Amino acid sequence: MSVILILIITSIVVAIVFLTAFLWAVKSGQYDDTYAPSVRVLFDDENKKEANDDK
Amino acid sequence: MAALEVKTKATCYHCGDECLETSIKIEDKSFCCNGCKTVYEILSESDLCQYYALEDSPGVNQKKESNSFFDFLDNPEIAEKLLEFSDDKQEKVTFLIPNIHCSSCIWLLEHLERLEPAVITSKTNFSNHKLTVDYRKADLSLRELAELLDRIGYTPVINLEEESAKVEKSFDKQLLIKMGIAGFCFGNVMLLSFPDYLGISSLEQSYQQFFRWLNVLLSVPVVFYSGSEYFTSAFKSLKQRFANIDVPIALGISVLFIRSVYEVAFDIGPGYFDSLVGLVFFLLIGKWFQNRTYQALSFDRDYKSYFPLAVLTKREDKYISEAVRKVKKGDEILIRNGELIPTDAILIDKRAFVDYSFVTGESEPIEKHKGEYVYAGGRLTGKKAQFVVQKPVSQSYLTELWNDEAFQKEDNHIKLVDRVSQYFTVAIILISLVAATFWQLTDPTKTWLVFCSVLIIACPCALALSTPFTTGSILRVLGRNKLYLKNANVIEKLQKINTIVFDKTGTITNANQQNLQFEGDQLSDEEAQLVLAAVSSSTHPLSRLVKTFLPNIGEHVYHLETFEEHVGLGIKAIVSGIEVKLGSAKYLEINMGDTHRDDSSYVFLKIGDSYRGRFVIQNVYRKSLRNVIDKLKGQFRLSILSGDHDSEQKNLEHIFPSGTEMRFNQKPGDKLNVIKGYQNAGGHVMMLGDGLNDAGALKQSDVGIAVSEDVSTFSPACDAIMQADSFDKLNEMITLSKKGKCIVVASFILSLLYNGVGLTFAVSGWLTPLVAAILMPLSSISVVAFTTMAVRFFSLKLKL
């Protein structure tokens with residue numbers, strides 16, 4: 001089999017992998033909310049301070 | 001008497017509103033009201049002040065008295081419906097919280113476990129304003145969770161009928177998936193088509209077949225999955241003997257596909273696969289562009305959404321929370337201040353004040369006495385009261401009113417593009433037949449080629465794209481200006497409007513009555529408490545306004561000893577031995593000279609024997625009202641429909657052009673009938689309203705716009721929701737929608753030009769796959785570019 005056929009088949013397979021990834025992302029709800037994650041990632045995970053500064 | 005200038009520079013640390021009083025302070029932070037201060041205190045106790053660090057004044061104003069009762073959540077039946085998951089240890093629930101509006105909200109709501117250790121995780125969905133919380137059942141009940149959220153200003157809105165939203169969401173996902181697949185296939189088909197277009201040398205002939213069959217394979221999911229909707233829609237419309245735009249599309253797709261497969265199978269040519277797949281891909285993009293919905297807004301709420309889910313009902317000498325549906329005739333119910341009376345009932349207690357503004361628009365509460373019949377939909381103000389239920393909820397006055405025929409209004413509007421497509425379809429079929437006959441007579445070998453070519457090239461892809469992209473762009477521009485349309489069809493209806501009807505209260509007046517000021521020496525805390533005690537017993541709208549204005553500090557306890565209300569004059573109360581009088585200047589026997597302004601109402605205050613000052617309440621028409629009306633009056637017939645009494649008629653006559661019809665004391669049914677009357681007289685009516693009392697009229701009118709101070713709160717069923725402060729752009733927004741029609745027509749002409757060029761190729765038998773592959777995307781892209789740029793141009797011109 002000619003190498004070009006292998007290459008084309010490989011490229012389509014790779015493309016299908018990405019398509020599947022996209023479909024999975026849609027189905028798992030990653031496009032439901034496009035704002036909150038962008039903010040969430042910036043929140044500091046500081047540890048809970050002890051409640052010693054009572055105001 | 002020098003009017004005391006209240007410091008207006010200070011803004012609330014919590015919500016960012018102007019602080020009208022300077023007394024509410026914690027350290028250097030000032031607050032506009034006690035509600036905001038309380039939230040701050042709760043948050044600072046739990047070390048959650050980063051909330052304020054993320055964004056300036058992220059909070060939600062707490063001035064409005066919240067009267068949320070969540071005890072119905074203790075009712076297992078209701079709780080069960082709300083809970084998404086529940087086992088022995090933990091429960092999971094999703095609340096709709098309209099107040100979510102910034103990154104601070106997300107931060108706070110996702111750190112709920114600091115406020116309440118029983119919360120395990122909480123996650124917000126920003127775009128549909130939902131919060132999902134997992135919590136330990138043993139330490140926290142659903143009710144406590146709701147109350148906690150209410151306390152920090154994120155009052156959950158609980159409604160059991162949210163099913164329709166889910167359907168829409170899955171539709172959105174499906175469209176994305178279809179687009180993804182079409183896009184994937186489009187890219188690959190293009191790649192595989194290129195060798196054919198560029199010419200394959202005879203040495204590589206074996207590849208040609210491979211490429212072509214691969215194309216067939218790739219186009220199958222596009223035609224049968226991504227494009228399936230066009231077939232079903234075309235089929236449906238043909239069944240009704242009507243050719244909508246999907247008919248020529250479906251025809252084009254099927255001819256393209258069949259012809260291409262035929263060419264490949266018999267080794268005639270490469271087929272038109274890239275045109276075919278590209279066409280479907282572009283069409284889906286158009287659909288997606290147009291279908292952007294405002295997930296957080298709801299356009300279809302009916303009266304049920306306003307109703308309480310449960311009501312305190314007497315069962316064996318105790319009041320327990322019972323689902324509203326289960327309340328039967330003869331049950332005794334207890335309604336608290338601010339709660340809605342869910343069904344027709346008879347008052348048992350001595351007296352009660354019921355505010356029917358919800359149903360009639362009349363803002364003054366009505367006094368009801370023992371034994372009187374009370375209709376559903378009234379909101380109890382003041383002391384709680386007991387009632388005996390007369391009818392089950394499903395048969396109450398309000399329910400029947402809203403089951404009126406107008407609420408089943410059918411949408412039989414035919415879109416412009418569908419009307420054009422009728423002629424288009426017929427014309428295309430005629431042209432293809434004529435061309436085929438011609439070639440049959442001159443060169444029979446070309447007959448089928450030409451016949452197919454005409455159907456392929458005339459495929460109205462540009463025609464089908466122009467509307468979605470124009471309306472989609474307009475929707476975006478309007479959305480940016482805070483007018484949220486229910487869907488793209490509303491734009492076409494907007495274009496026909498010739499009559500505009502305004503509701504008064506809350507629509508052309510400002511519902512956030514914040515322009516109340518006190519003129520005089522500032523009241524001390526004690527004095528404020530005295531006045532507060534006095535006005536608390538009064539149900540007059542002005543008293544209630546004064547009440548919201550005064551800080552409720554609660555340090556001094558005063559007893560209201562006597563209380564008299566003199567209709568049209570004022571009130572006189574003795575609070576802990578001190579006489580407090582509020583009312584008109586005449587009632588208080590004060591001579592003020594001539595300092596009255598026409599646009600204001602005054603409440604004068606006397607404590608003991610000394611005059612203390614006056615509350616100035618400015619008439620609260622929207623600032624831009626006059627401006628907007630001036631712009632509108634030449635173009636539209638204007639009208640006012642108010643549920644209120646006619647005391648404002650004079651003021652309105654100054655603003656509205658002479659001859660404006662003004663109707664007052666209109667009940668919801670009357671409003672609806674007035675709109676119907678206009679429509680029968682050939683009017684296309686746009687109605688702007690706010691409350692549920694306008695719901696019928698909003699629904700009946702061609703375009704019903706709900707005007708809301710806060711678009712995320714409840715609004716009645718409507719075609720569009722408008723943020724109140726963008727009211728001043730009303731004229732520009734209507735103009736833009738009207739321009740939309742010109743843009744669509746212009747792009748129709750553009751696409752017909754392309755079709756003309758394409759058809760010449762097709763009829764003369766010169767349409768090769770290469771020509772089709774160039775011409776079709778070119779026409780789509782140019783139409784898309786033209787429409788979006790045109791909308792942009794007009795919106796810039798209109799300063800939107």
# chains A, B, ... in the order shown; residues from 1 in each chain; ligands from 1
>>> closest_atom_pairs(of="chain B", to="chain A", cutoff="6 Å", atoms="only C-alpha atoms", output="tab-separated table")
residue	atom	partner	partner_atom	distance
B:Asn125	CA	A:Asp33	CA	5.8
B:Phe126	CA	A:Ala36	CA	5.5
B:Ser127	CA	A:Asp33	CA	5.4
>>> write_last_selection(atoms="C-alpha atoms", output="JSON list (two decimals), in the first residue's frame")
[["chain", "number", "residue", "atom", "x", "y", "z"],
["B", 125, "ASN", "CA", -23.01, 27.82, 36.96],
["B", 126, "PHE", "CA", -22.65, 31.42, 35.99],
["B", 127, "SER", "CA", -24.48, 31.46, 32.69]]
>>> closest_residue(among="B:Thr121, B:Thr313, B:Ser86, B:Ser141", to="B:Leu73", atoms="only C-alpha atoms")
B:Ser141
>>> closest_residue(among="B:Lys328, B:Lys623, B:Lys446, B:Arg792", to="B:Phe727", atoms="only C-alpha atoms")
B:Lys623
>>> residues_around(residues="B:Thr381", least_positions_apart="2", cutoff="7 Å", atoms="only C-alpha atoms", output="list in words")
Asn337, Gly338, Phe353, Val354, Asp355, Arg379 and Lys383 of chain B
>>> write_last_selection(atoms="C-alpha atoms", output="PDB file, in the first residue's frame")
ATOM      1  CA  ASN B 337     -46.513  39.796  55.977  1.00  0.00           C
ATOM      2  CA  GLY B 338     -45.393  39.837  52.363  1.00  0.00           C
ATOM      3  CA  PHE B 353     -54.388  44.782  54.621  1.00  0.00           C
ATOM      4  CA  VAL B 354     -54.134  43.246  51.219  1.00  0.00           C
ATOM      5  CA  ASP B 355     -52.068  44.723  48.440  1.00  0.00           C
ATOM      6  CA  ARG B 379     -50.170  40.219  49.025  1.00  0.00           C
ATOM      7  CA  LYS B 383     -49.757  41.781  60.509  1.00  0.00           C
TER       8      LYS B 383
END
>>> atom_distance(atom1="atom CA of B:Ser219", atom2="atom CA of B:Ala464")
20.6 Å
>>> residues_around(residues="stretch 670-676 of chain B", least_positions_apart="5", cutoff="9 Å", atoms="only C-alpha atoms", output="list in words")
Ala406, Val501, Leu641, Ser642, Gly643, Ala681, Gly683, Val685, Met687, Asn693, Asp694, Ala695, Gly696, Ala697, Leu698, Lys699, Gln700 and Ser701 of chain B
>>> write_last_selection(atoms="C-alpha atoms", output="PDB file, in the first residue's frame")
ATOM      1  CA  ALA B 406     -55.336  35.143  25.554  1.00  0.00           C
ATOM      2  CA  VAL B 501     -48.669  51.064  24.857  1.00  0.00           C
ATOM      3  CA  LEU B 641     -52.742  51.810  30.341  1.00  0.00           C
ATOM      4  CA  SER B 642     -52.532  52.011  34.062  1.00  0.00           C
ATOM      5  CA  GLY B 643     -54.027  49.959  36.807  1.00  0.00           C
ATOM      6  CA  ALA B 681     -58.270  48.271  14.319  1.00  0.00           C
ATOM      7  CA  GLY B 683     -52.602  48.094  15.012  1.00  0.00           C
ATOM      8  CA  VAL B 685     -48.964  46.754  19.264  1.00  0.00           C
ATOM      9  CA  MET B 687     -46.667  46.822  25.076  1.00  0.00           C
ATOM     10  CA  ASN B 693     -51.114  42.645  36.066  1.00  0.00           C
ATOM     11  CA  ASP B 694     -49.729  43.350  32.614  1.00  0.00           C
ATOM     12  CA  ALA B 695     -49.136  39.722  31.829  1.00  0.00           C
ATOM     13  CA  GLY B 696     -52.287  39.323  29.766  1.00  0.00           C
ATOM     14  CA  ALA B 697     -51.639  42.478  27.805  1.00  0.00           C
ATOM     15  CA  LEU B 698     -48.005  41.562  27.244  1.00  0.00           C
ATOM     16  CA  LYS B 699     -48.992  38.230  25.898  1.00  0.00           C
ATOM     17  CA  GLN B 700     -51.755  39.593  23.714  1.00  0.00           C
ATOM     18  CA  SER B 701     -49.663  42.347  22.180  1.00  0.00           C
TER      19      SER B 701
END
>>> select_by_dssp(residues="stretch 524-676 of chain B", states="strand (DSSP E)", output="PyMOL selection string")
chain B and resi 560-566+570-575+578-583+600-607+610-618+637-641+661-663
>>> atom_distance(atom1="atom CA of B:Tyr375", atom2="atom CA of B:Ala352")
13.1 Å
>>> atom_distance(atom1="atom CA of B:Gln517", atom2="atom CA of B:Ile617")
6.7 Å
